[in-house]
Amino acid sequence: MKFKAEIKVLLKDDIKDPQGIQTEIILNRTGIDESAKVRTGKYFILTVNAKNEETAYKKIKNICENVLTNPCLEKYEILKAEKE
Amino acid sequence: MKAAIVVFPGTNCEKDTFEACRYFGLETEYIWHNETNLKKYDFIFLPGGFSYGDYIHSGRLAKFSPVMQGIKEFICHKRGIVIGICNGFQILCESKILPGALTINISNRFICDDIPIYMGEKEITLPVAHKEGRYIFDKSTQISNLIFLKYKKNINGSMLDIAGLYDRQKRVIAMMPHPERAIFKETGSKDGCEIFNFIIKEL
């Protein structure tokens, strides 16, 4: 069976995100929002083959931890994982 | 002594590293990243560049290349020294051969400059060229005795001004600056020789 997951990856909270900071500066300076906060990240759509939901989830988690993120640097969230 | 320069898809500093190795009298060969037998070499270089186009994150996909398993065995059996330069440093961190990780510079800019670096007490000038050179480590990591190079002025936001590291046994050595670009007087500086001399003669 095929399972499709949507994954969000962000730098860990205590690691400065220069792209986010720069975007905040622009938002503040232009007056679009003077107190806007921005964190940038990555979004992945992943489709895996697995026998059942449990093995699919394990596989997705493994991919998140070993390929899509480096736990020293980034955190991830599985937004959605369902049978395709 | 024999040196291997690992070439990944997207590596672009292999030629400079090759010339530097040859200048120091090393019998040097390029090896493709699917090579796993590294027994005949004394030095393995992971040169700079953009392995796998830096897709997902710099060094992230290169860590799955077969050569990395060979490198782990090479280190484990104490066959020689592994040297990571720039992207090589990123690959070694991503592979967890060295602690920590490298992420985007605090300035959000690609930095290409000759900058002063401390190698122990000694100050040398080396070229840097990177956008993801901000070194981060977990607070739980004992790092102080692993520091090889420090920025005199922190250019990228690295923790403790770290520009280069070695592992506990000093069998793995990695740095963001490019010593291979500062070997011949034609390229402006010969300070890179300090690094190569240290690696080849002292380790």
# chains A, B, ... in the order shown; residues from 1 in each chain; ligands from 1
$ residues_around --residues "stretch 111-126 of chain B" --least-positions-apart "5" --cutoff "6 Å" --atoms "only C-alpha atoms" --output "JSON, numbers by chain"
{"B": [149, 150, 151, 152]}
$ write_last_selection --atoms "C-alpha atoms" --output "CSV table (one decimal), in the first residue's frame"
chain,number,residue,atom,x,y,z
B,149,LEU,CA,40.9,26.4,13.9
B,150,LYS,CA,39.1,29.5,15.2
B,151,TYR,CA,38.0,32.7,13.4
B,152,LYS,CA,39.9,35.8,14.7
$ residues_around --residues "B:Glu29" --least-positions-apart "2" --cutoff "12 Å" --atoms "only C-alpha atoms" --output "NGL selection string"
:B and (1-7 or 14-15 or 17-19 or 21-22 or 26-27 or 31-32 or 38 or 40-45)
$ residues_around --residues "A:Lys75" --least-positions-apart "6" --cutoff "8 Å" --atoms "only C-alpha atoms" --output "list in words"
Val9, Leu10, Leu11, Lys12 and Thr69 of chain A
$ closest_residue --among "A:Glu84, A:Leu68, A:Pro18, A:Glu74" --to "A:Tyr43" --atoms "only C-alpha atoms"
A:Leu68
$ closest_atom_pairs --of "chain A" --to "chain B" --cutoff "12 Å" --atoms "only C-alpha atoms" --output "JSON lines"
{"residue": "A:Val9", "atom": "CA", "partner": "B:Ile56", "partner_atom": "CA", "distance": 10.3}
{"residue": "A:Leu10", "atom": "CA", "partner": "B:Ile56", "partner_atom": "CA", "distance": 12.0}
{"residue": "A:Leu11", "atom": "CA", "partner": "B:Thr103", "partner_atom": "CA", "distance": 9.3}
{"residue": "A:Lys12", "atom": "CA", "partner": "B:Ile136", "partner_atom": "CA", "distance": 11.1}
{"residue": "A:Asp14", "atom": "CA", "partner": "B:Ile136", "partner_atom": "CA", "distance": 10.6}
{"residue": "A:Ile15", "atom": "CA", "partner": "B:Ile136", "partner_atom": "CA", "distance": 8.3}
{"residue": "A:Lys16", "atom": "CA", "partner": "B:Ile106", "partner_atom": "CA", "distance": 7.5}
{"residue": "A:Asp17", "atom": "CA", "partner": "B:Ile106", "partner_atom": "CA", "distance": 7.6}
{"residue": "A:Pro18", "atom": "CA", "partner": "B:Asn108", "partner_atom": "CA", "distance": 5.5}
{"residue": "A:Gln19", "atom": "CA", "partner": "B:Asn108", "partner_atom": "CA", "distance": 6.4}
{"residue": "A:Gly20", "atom": "CA", "partner": "B:Asn108", "partner_atom": "CA", "distance": 9.8}
{"residue": "A:Ile21", "atom": "CA", "partner": "B:Asn108", "partner_atom": "CA", "distance": 9.5}
{"residue": "A:Gln22", "atom": "CA", "partner": "B:Asn108", "partner_atom": "CA", "distance": 8.3}
{"residue": "A:Thr23", "atom": "CA", "partner": "B:Asn108", "partner_atom": "CA", "distance": 11.1}
{"residue": "A:Thr40", "atom": "CA", "partner": "B:Ile104", "partner_atom": "CA", "distance": 12.0}
{"residue": "A:Gly41", "atom": "CA", "partner": "B:Ile56", "partner_atom": "CA", "distance": 10.8}
{"residue": "A:Lys42", "atom": "CA", "partner": "B:Ile56", "partner_atom": "CA", "distance": 8.5}
{"residue": "A:Tyr43", "atom": "CA", "partner": "B:Ile56", "partner_atom": "CA", "distance": 10.3}
{"residue": "A:Phe44", "atom": "CA", "partner": "B:Ile56", "partner_atom": "CA", "distance": 9.8}
{"residue": "A:Ile63", "atom": "CA", "partner": "B:Leu61", "partner_atom": "CA", "distance": 12.0}
{"residue": "A:Cys64", "atom": "CA", "partner": "B:Ile56", "partner_atom": "CA", "distance": 11.4}
{"residue": "A:Glu65", "atom": "CA", "partner": "B:Arg60", "partner_atom": "CA", "distance": 11.5}
{"residue": "A:Asn66", "atom": "CA", "partner": "B:Arg60", "partner_atom": "CA", "distance": 8.8}
{"residue": "A:Val67", "atom": "CA", "partner": "B:Arg60", "partner_atom": "CA", "distance": 6.8}
{"residue": "A:Leu68", "atom": "CA", "partner": "B:Ile56", "partner_atom": "CA", "distance": 6.7}
{"residue": "A:Thr69", "atom": "CA", "partner": "B:His57", "partner_atom": "CA", "distance": 8.3}
{"residue": "A:Asn70", "atom": "CA", "partner": "B:Glu94", "partner_atom": "CA", "distance": 7.0}
{"residue": "A:Pro71", "atom": "CA", "partner": "B:Ala101", "partner_atom": "CA", "distance": 9.4}
{"residue": "A:Cys72", "atom": "CA", "partner": "B:Gly100", "partner_atom": "CA", "distance": 6.3}
{"residue": "A:Leu73", "atom": "CA", "partner": "B:Ala101", "partner_atom": "CA", "distance": 6.5}
{"residue": "A:Glu74", "atom": "CA", "partner": "B:Thr103", "partner_atom": "CA", "distance": 9.9}
$ residues_around --residues "B:Asp191" --least-positions-apart "3" --cutoff "10 Å" --atoms "only C-alpha atoms" --output "ChimeraX atom specification"
/B:123-127,179-185,188,194-196
$ residues_around --residues "stretch 3-6 of chain A" --least-positions-apart "3" --cutoff "7 Å" --atoms "only C-alpha atoms" --output "PDB file with all heavy atoms, in the first residue's frame"
ATOM      1  N   PHE A  44       7.953  18.918   2.777  1.00  0.00           N
ATOM      2  CA  PHE A  44       8.170  17.749   1.913  1.00  0.00           C
ATOM      3  C   PHE A  44       6.878  16.953   1.760  1.00  0.00           C
ATOM      4  O   PHE A  44       6.119  16.816   2.718  1.00  0.00           O
ATOM      5  CB  PHE A  44       9.211  16.812   2.540  1.00  0.00           C
ATOM      6  CG  PHE A  44      10.577  17.436   2.695  1.00  0.00           C
ATOM      7  CD1 PHE A  44      10.922  18.111   3.853  1.00  0.00           C
ATOM      8  CD2 PHE A  44      11.522  17.339   1.684  1.00  0.00           C
ATOM      9  CE1 PHE A  44      12.173  18.685   4.009  1.00  0.00           C
ATOM     10  CE2 PHE A  44      12.786  17.910   1.833  1.00  0.00           C
ATOM     11  CZ  PHE A  44      13.116  18.582   2.996  1.00  0.00           C
ATOM     12  N   ILE A  45       6.680  16.436   0.564  1.00  0.00           N
ATOM     13  CA  ILE A  45       5.598  15.464   0.354  1.00  0.00           C
ATOM     14  C   ILE A  45       6.282  14.144   0.048  1.00  0.00           C
ATOM     15  O   ILE A  45       7.113  14.065  -0.861  1.00  0.00           O
ATOM     16  CB  ILE A  45       4.683  15.874  -0.817  1.00  0.00           C
ATOM     17  CG1 ILE A  45       4.047  17.239  -0.526  1.00  0.00           C
ATOM     18  CG2 ILE A  45       3.600  14.824  -1.039  1.00  0.00           C
ATOM     19  CD1 ILE A  45       3.320  17.830  -1.724  1.00  0.00           C
ATOM     20  N   LEU A  46       5.962  13.148   0.831  1.00  0.00           N
ATOM     21  CA  LEU A  46       6.680  11.879   0.775  1.00  0.00           C
ATOM     22  C   LEU A  46       5.684  10.753   0.564  1.00  0.00           C
ATOM     23  O   LEU A  46       4.666  10.704   1.259  1.00  0.00           O
ATOM     24  CB  LEU A  46       7.383  11.741   2.140  1.00  0.00           C
ATOM     25  CG  LEU A  46       8.275  10.572   2.428  1.00  0.00           C
ATOM     26  CD1 LEU A  46       9.525  10.670   1.561  1.00  0.00           C
ATOM     27  CD2 LEU A  46       8.687  10.613   3.894  1.00  0.00           C
ATOM     28  N   THR A  47       5.956   9.869  -0.398  1.00  0.00           N
ATOM     29  CA  THR A  47       5.086   8.701  -0.564  1.00  0.00           C
ATOM     30  C   THR A  47       5.916   7.452  -0.344  1.00  0.00           C
ATOM     31  O   THR A  47       6.966   7.295  -0.963  1.00  0.00           O
ATOM     32  CB  THR A  47       4.453   8.693  -1.974  1.00  0.00           C
ATOM     33  OG1 THR A  47       3.883   9.964  -2.204  1.00  0.00           O
ATOM     34  CG2 THR A  47       3.384   7.639  -2.089  1.00  0.00           C
ATOM     35  N   VAL A  48       5.459   6.588   0.556  1.00  0.00           N
ATOM     36  CA  VAL A  48       6.213   5.356   0.849  1.00  0.00           C
ATOM     37  C   VAL A  48       5.319   4.139   0.656  1.00  0.00           C
ATOM     38  O   VAL A  48       4.094   4.222   0.744  1.00  0.00           O
ATOM     39  CB  VAL A  48       6.775   5.348   2.293  1.00  0.00           C
ATOM     40  CG1 VAL A  48       7.789   6.449   2.498  1.00  0.00           C
ATOM     41  CG2 VAL A  48       5.672   5.425   3.340  1.00  0.00           C
ATOM     42  N   ASN A  49       5.978   3.011   0.425  1.00  0.00           N
ATOM     43  CA  ASN A  49       5.282   1.736   0.346  1.00  0.00           C
ATOM     44  C   ASN A  49       5.382   1.037   1.685  1.00  0.00           C
ATOM     45  O   ASN A  49       6.466   0.947   2.254  1.00  0.00           O
ATOM     46  CB  ASN A  49       5.961   0.846  -0.706  1.00  0.00           C
ATOM     47  CG  ASN A  49       5.360   1.073  -2.071  1.00  0.00           C
ATOM     48  OD1 ASN A  49       4.136   1.071  -2.226  1.00  0.00           O
ATOM     49  ND2 ASN A  49       6.220   1.300  -3.044  1.00  0.00           N
ATOM     50  N   ALA A  56       4.286   2.054   7.905  1.00  0.00           N
ATOM     51  CA  ALA A  56       4.437   3.290   7.112  1.00  0.00           C
ATOM     52  C   ALA A  56       4.921   4.415   8.000  1.00  0.00           C
ATOM     53  O   ALA A  56       5.843   5.153   7.658  1.00  0.00           O
ATOM     54  CB  ALA A  56       3.105   3.657   6.476  1.00  0.00           C
ATOM     55  N   ILE A  78       5.229  15.739  11.379  1.00  0.00           N
ATOM     56  CA  ILE A  78       4.481  15.058  10.312  1.00  0.00           C
ATOM     57  C   ILE A  78       3.072  15.663  10.339  1.00  0.00           C
ATOM     58  O   ILE A  78       2.329  15.474  11.292  1.00  0.00           O
ATOM     59  CB  ILE A  78       4.465  13.529  10.534  1.00  0.00           C
ATOM     60  CG1 ILE A  78       5.917  12.995  10.569  1.00  0.00           C
ATOM     61  CG2 ILE A  78       3.656  12.828   9.451  1.00  0.00           C
ATOM     62  CD1 ILE A  78       6.064  11.570  11.011  1.00  0.00           C
ATOM     63  N   LEU A  79       2.757  16.427   9.305  1.00  0.00           N
ATOM     64  CA  LEU A  79       1.494  17.165   9.305  1.00  0.00           C
ATOM     65  C   LEU A  79       0.328  16.240   8.995  1.00  0.00           C
ATOM     66  O   LEU A  79      -0.757  16.373   9.508  1.00  0.00           O
ATOM     67  CB  LEU A  79       1.541  18.285   8.262  1.00  0.00           C
ATOM     68  CG  LEU A  79       2.652  19.326   8.439  1.00  0.00           C
ATOM     69  CD1 LEU A  79       2.667  20.277   7.267  1.00  0.00           C
ATOM     70  CD2 LEU A  79       2.455  20.110   9.732  1.00  0.00           C
ATOM     71  N   LYS A  80       0.599  15.291   8.107  1.00  0.00           N
ATOM     72  CA  LYS A  80      -0.472  14.422   7.640  1.00  0.00           C
ATOM     73  C   LYS A  80       0.181  13.142   7.138  1.00  0.00           C
ATOM     74  O   LYS A  80       1.216  13.201   6.490  1.00  0.00           O
ATOM     75  CB  LYS A  80      -1.210  15.128   6.493  1.00  0.00           C
ATOM     76  CG  LYS A  80      -2.617  14.685   6.346  1.00  0.00           C
ATOM     77  CD  LYS A  80      -3.547  15.611   5.597  1.00  0.00           C
ATOM     78  CE  LYS A  80      -3.185  16.162   4.262  1.00  0.00           C
ATOM     79  NZ  LYS A  80      -4.215  16.813   3.518  1.00  0.00           N
ATOM     80  N   ALA A  81      -0.369  11.997   7.437  1.00  0.00           N
ATOM     81  CA  ALA A  81       0.117  10.749   6.848  1.00  0.00           C
ATOM     82  C   ALA A  81      -1.090   9.860   6.640  1.00  0.00           C
ATOM     83  O   ALA A  81      -1.767   9.486   7.599  1.00  0.00           O
ATOM     84  CB  ALA A  81       1.130  10.078   7.785  1.00  0.00           C
ATOM     85  N   GLU A  82      -1.382   9.593   5.398  1.00  0.00           N
ATOM     86  CA  GLU A  82      -2.560   8.773   5.137  1.00  0.00           C
ATOM     87  C   GLU A  82      -2.390   7.881   3.913  1.00  0.00           C
ATOM     88  O   GLU A  82      -1.505   8.115   3.084  1.00  0.00           O
ATOM     89  CB  GLU A  82      -3.800   9.658   4.986  1.00  0.00           C
ATOM     90  CG  GLU A  82      -3.639  10.730   3.914  1.00  0.00           C
ATOM     91  CD  GLU A  82      -4.722  11.803   3.997  1.00  0.00           C
ATOM     92  OE1 GLU A  82      -5.270  12.022   5.097  1.00  0.00           O
ATOM     93  OE2 GLU A  82      -5.008  12.409   2.959  1.00  0.00           O
ATOM     94  N   LYS A  83      -3.264   6.863   3.827  1.00  0.00           N
ATOM     95  CA  LYS A  83      -3.217   5.937   2.703  1.00  0.00           C
ATOM     96  C   LYS A  83      -3.597   6.692   1.437  1.00  0.00           C
ATOM     97  O   LYS A  83      -4.534   7.484   1.448  1.00  0.00           O
ATOM     98  CB  LYS A  83      -4.202   4.794   2.968  1.00  0.00           C
ATOM     99  CG  LYS A  83      -3.768   3.508   2.315  1.00  0.00           C
ATOM    100  CD  LYS A  83      -4.440   2.344   2.937  1.00  0.00           C
ATOM    101  CE  LYS A  83      -5.751   2.073   2.214  1.00  0.00           C
ATOM    102  NZ  LYS A  83      -6.476   0.950   2.841  1.00  0.00           N
ATOM    103  N   GLU A  84      -2.833   6.405   0.382  1.00  0.00           N
ATOM    104  CA  GLU A  84      -3.103   7.157  -0.840  1.00  0.00           C
ATOM    105  C   GLU A  84      -4.255   6.534  -1.620  1.00  0.00           C
ATOM    106  O   GLU A  84      -4.325   5.312  -1.718  1.00  0.00           O
ATOM    107  CB  GLU A  84      -1.840   7.192  -1.713  1.00  0.00           C
ATOM    108  CG  GLU A  84      -1.826   8.364  -2.613  1.00  0.00           C
ATOM    109  CD  GLU A  84      -0.528   8.493  -3.404  1.00  0.00           C
ATOM    110  OE1 GLU A  84       0.115   7.464  -3.684  1.00  0.00           O
ATOM    111  OE2 GLU A  84      -0.173   9.636  -3.721  1.00  0.00           O
TER     112      GLU A  84
END
$ closest_residue --among "B:Leu98, B:Lys201, B:Gly59, B:Asn34" --to "B:Gln142" --atoms "only C-alpha atoms"
B:Leu98
$ select_by_dssp --residues "stretch 25-154 of chain B" --states "helix (DSSP H, G or I)" --output "list in words"
Ser51, Tyr52, Gly53, Asp54, Ala62, Lys63, Phe64, Pro66, Val67, Met68, Gln69, Gly70, Ile71, Lys72, Glu73, Phe74, Ile75, Cys76, Asn87, Gly88, Phe89, Gln90, Ile91, Leu92, Cys93, Glu94, Ser144, Asn145 and Leu146 of chain B
$ write_last_selection --atoms "N, CA, C and O atoms" --output "mmCIF file, in the first residue's frame"
data_model
loop_
_atom_site.group_PDB
_atom_site.id
_atom_site.type_symbol
_atom_site.label_atom_id
_atom_site.label_comp_id
_atom_site.auth_asym_id
_atom_site.auth_seq_id
_atom_site.Cartn_x
_atom_site.Cartn_y
_atom_site.Cartn_z
ATOM 1 N N SER B 51 28.266 18.863 -2.982
ATOM 2 C CA SER B 51 27.912 17.470 -3.230
ATOM 3 C C SER B 51 26.389 17.353 -3.293
ATOM 4 O O SER B 51 25.686 17.910 -2.444
ATOM 5 N N TYR B 52 25.922 16.649 -4.289
ATOM 6 C CA TYR B 52 24.482 16.474 -4.543
ATOM 7 C C TYR B 52 23.757 17.822 -4.568
ATOM 8 O O TYR B 52 22.609 17.937 -4.111
ATOM 9 N N GLY B 53 24.449 18.849 -5.052
ATOM 10 C CA GLY B 53 23.820 20.153 -5.192
ATOM 11 C C GLY B 53 23.364 20.768 -3.874
ATOM 12 O O GLY B 53 22.541 21.673 -3.882
ATOM 13 N N ASP B 54 23.890 20.267 -2.748
ATOM 14 C CA ASP B 54 23.451 20.737 -1.419
ATOM 15 C C ASP B 54 21.943 20.511 -1.222
ATOM 16 O O ASP B 54 21.317 21.185 -0.404
ATOM 17 N N ALA B 62 25.166 13.282 0.601
ATOM 18 C CA ALA B 62 26.493 12.663 0.427
ATOM 19 C C ALA B 62 26.783 11.657 1.527
ATOM 20 O O ALA B 62 27.545 10.711 1.328
ATOM 21 N N LYS B 63 26.161 11.819 2.689
ATOM 22 C CA LYS B 63 26.456 10.891 3.786
ATOM 23 C C LYS B 63 26.012 9.465 3.462
ATOM 24 O O LYS B 63 26.453 8.517 4.095
ATOM 25 N N PHE B 64 25.144 9.318 2.458
ATOM 26 C CA PHE B 64 24.681 7.983 2.080
ATOM 27 C C PHE B 64 25.538 7.351 0.977
ATOM 28 O O PHE B 64 25.260 6.246 0.547
ATOM 29 N N PRO B 66 28.430 5.272 -0.804
ATOM 30 C CA PRO B 66 29.168 4.103 -0.316
ATOM 31 C C PRO B 66 30.543 4.447 0.279
ATOM 32 O O PRO B 66 30.995 3.795 1.210
ATOM 33 N N VAL B 67 31.188 5.480 -0.241
ATOM 34 C CA VAL B 67 32.530 5.827 0.250
ATOM 35 C C VAL B 67 32.498 6.151 1.746
ATOM 36 O O VAL B 67 33.486 5.936 2.455
ATOM 37 N N MET B 68 31.369 6.619 2.253
ATOM 38 C CA MET B 68 31.312 7.012 3.663
ATOM 39 C C MET B 68 31.445 5.797 4.576
ATOM 40 O O MET B 68 32.022 5.887 5.650
ATOM 41 N N GLN B 69 30.912 4.645 4.122
ATOM 42 C CA GLN B 69 31.091 3.419 4.903
ATOM 43 C C GLN B 69 32.574 3.050 4.920
ATOM 44 O O GLN B 69 33.134 2.688 5.958
ATOM 45 N N GLY B 70 33.214 3.196 3.737
ATOM 46 C CA GLY B 70 34.657 2.936 3.636
ATOM 47 C C GLY B 70 35.438 3.866 4.559
ATOM 48 O O GLY B 70 36.406 3.452 5.211
ATOM 49 N N ILE B 71 35.013 5.105 4.640
ATOM 50 C CA ILE B 71 35.698 6.091 5.491
ATOM 51 C C ILE B 71 35.537 5.729 6.966
ATOM 52 O O ILE B 71 36.492 5.809 7.740
ATOM 53 N N LYS B 72 34.350 5.271 7.344
ATOM 54 C CA LYS B 72 34.135 4.870 8.746
ATOM 55 C C LYS B 72 35.064 3.709 9.109
ATOM 56 O O LYS B 72 35.652 3.688 10.191
ATOM 57 N N GLU B 73 35.213 2.751 8.189
ATOM 58 C CA GLU B 73 36.129 1.621 8.437
ATOM 59 C C GLU B 73 37.578 2.103 8.478
ATOM 60 O O GLU B 73 38.370 1.662 9.310
ATOM 61 N N PHE B 74 37.920 3.001 7.582
ATOM 62 C CA PHE B 74 39.263 3.590 7.494
ATOM 63 C C PHE B 74 39.635 4.239 8.835
ATOM 64 O O PHE B 74 40.736 4.057 9.351
ATOM 65 N N ILE B 75 38.661 4.938 9.440
ATOM 66 C CA ILE B 75 38.902 5.607 10.725
ATOM 67 C C ILE B 75 38.986 4.560 11.833
ATOM 68 O O ILE B 75 39.901 4.577 12.658
ATOM 69 N N CYS B 76 38.043 3.636 11.793
ATOM 70 C CA CYS B 76 37.947 2.607 12.823
ATOM 71 C C CYS B 76 39.231 1.772 12.900
ATOM 72 O O CYS B 76 39.701 1.432 13.974
ATOM 73 N N ASN B 87 32.766 21.725 2.163
ATOM 74 C CA ASN B 87 31.692 20.754 2.014
ATOM 75 C C ASN B 87 32.068 19.423 2.674
ATOM 76 O O ASN B 87 31.210 18.715 3.201
ATOM 77 N N GLY B 88 33.361 19.113 2.692
ATOM 78 C CA GLY B 88 33.846 17.901 3.371
ATOM 79 C C GLY B 88 33.551 17.950 4.861
ATOM 80 O O GLY B 88 33.188 16.939 5.475
ATOM 81 N N PHE B 89 33.709 19.123 5.457
ATOM 82 C CA PHE B 89 33.384 19.331 6.879
ATOM 83 C C PHE B 89 31.889 19.091 7.089
ATOM 84 O O PHE B 89 31.468 18.383 8.013
ATOM 85 N N GLN B 90 31.081 19.662 6.182
ATOM 86 C CA GLN B 90 29.622 19.490 6.295
ATOM 87 C C GLN B 90 29.248 18.012 6.197
ATOM 88 O O GLN B 90 28.419 17.517 6.965
ATOM 89 N N ILE B 91 29.898 17.286 5.274
ATOM 90 C CA ILE B 91 29.598 15.862 5.101
ATOM 91 C C ILE B 91 29.992 15.085 6.366
ATOM 92 O O ILE B 91 29.251 14.226 6.837
ATOM 93 N N LEU B 92 31.159 15.397 6.938
ATOM 94 C CA LEU B 92 31.620 14.681 8.136
ATOM 95 C C LEU B 92 30.682 14.931 9.324
ATOM 96 O O LEU B 92 30.444 14.029 10.127
ATOM 97 N N CYS B 93 30.155 16.135 9.425
ATOM 98 C CA CYS B 93 29.197 16.435 10.508
ATOM 99 C C CYS B 93 27.874 15.716 10.257
ATOM 100 O O CYS B 93 27.316 15.107 11.159
ATOM 101 N N GLU B 94 27.393 15.776 9.025
ATOM 102 C CA GLU B 94 26.124 15.119 8.706
ATOM 103 C C GLU B 94 26.218 13.611 8.929
ATOM 104 O O GLU B 94 25.255 12.980 9.325
ATOM 105 N N SER B 144 35.761 21.576 23.644
ATOM 106 C CA SER B 144 36.926 22.454 23.790
ATOM 107 C C SER B 144 38.243 21.801 23.346
ATOM 108 O O SER B 144 39.095 22.472 22.766
ATOM 109 N N ASN B 145 38.393 20.489 23.573
ATOM 110 C CA ASN B 145 39.656 19.856 23.174
ATOM 111 C C ASN B 145 39.643 19.347 21.733
ATOM 112 O O ASN B 145 40.564 18.678 21.287
ATOM 113 N N LEU B 146 38.567 19.673 20.989
ATOM 114 C CA LEU B 146 38.496 19.217 19.594
ATOM 115 C C LEU B 146 38.713 20.372 18.611
ATOM 116 O O LEU B 146 38.701 20.177 17.404
#
$ atom_distance --atom1 "atom CA of B:Ile173" --atom2 "atom CA of B:Cys86"
11.3 Å
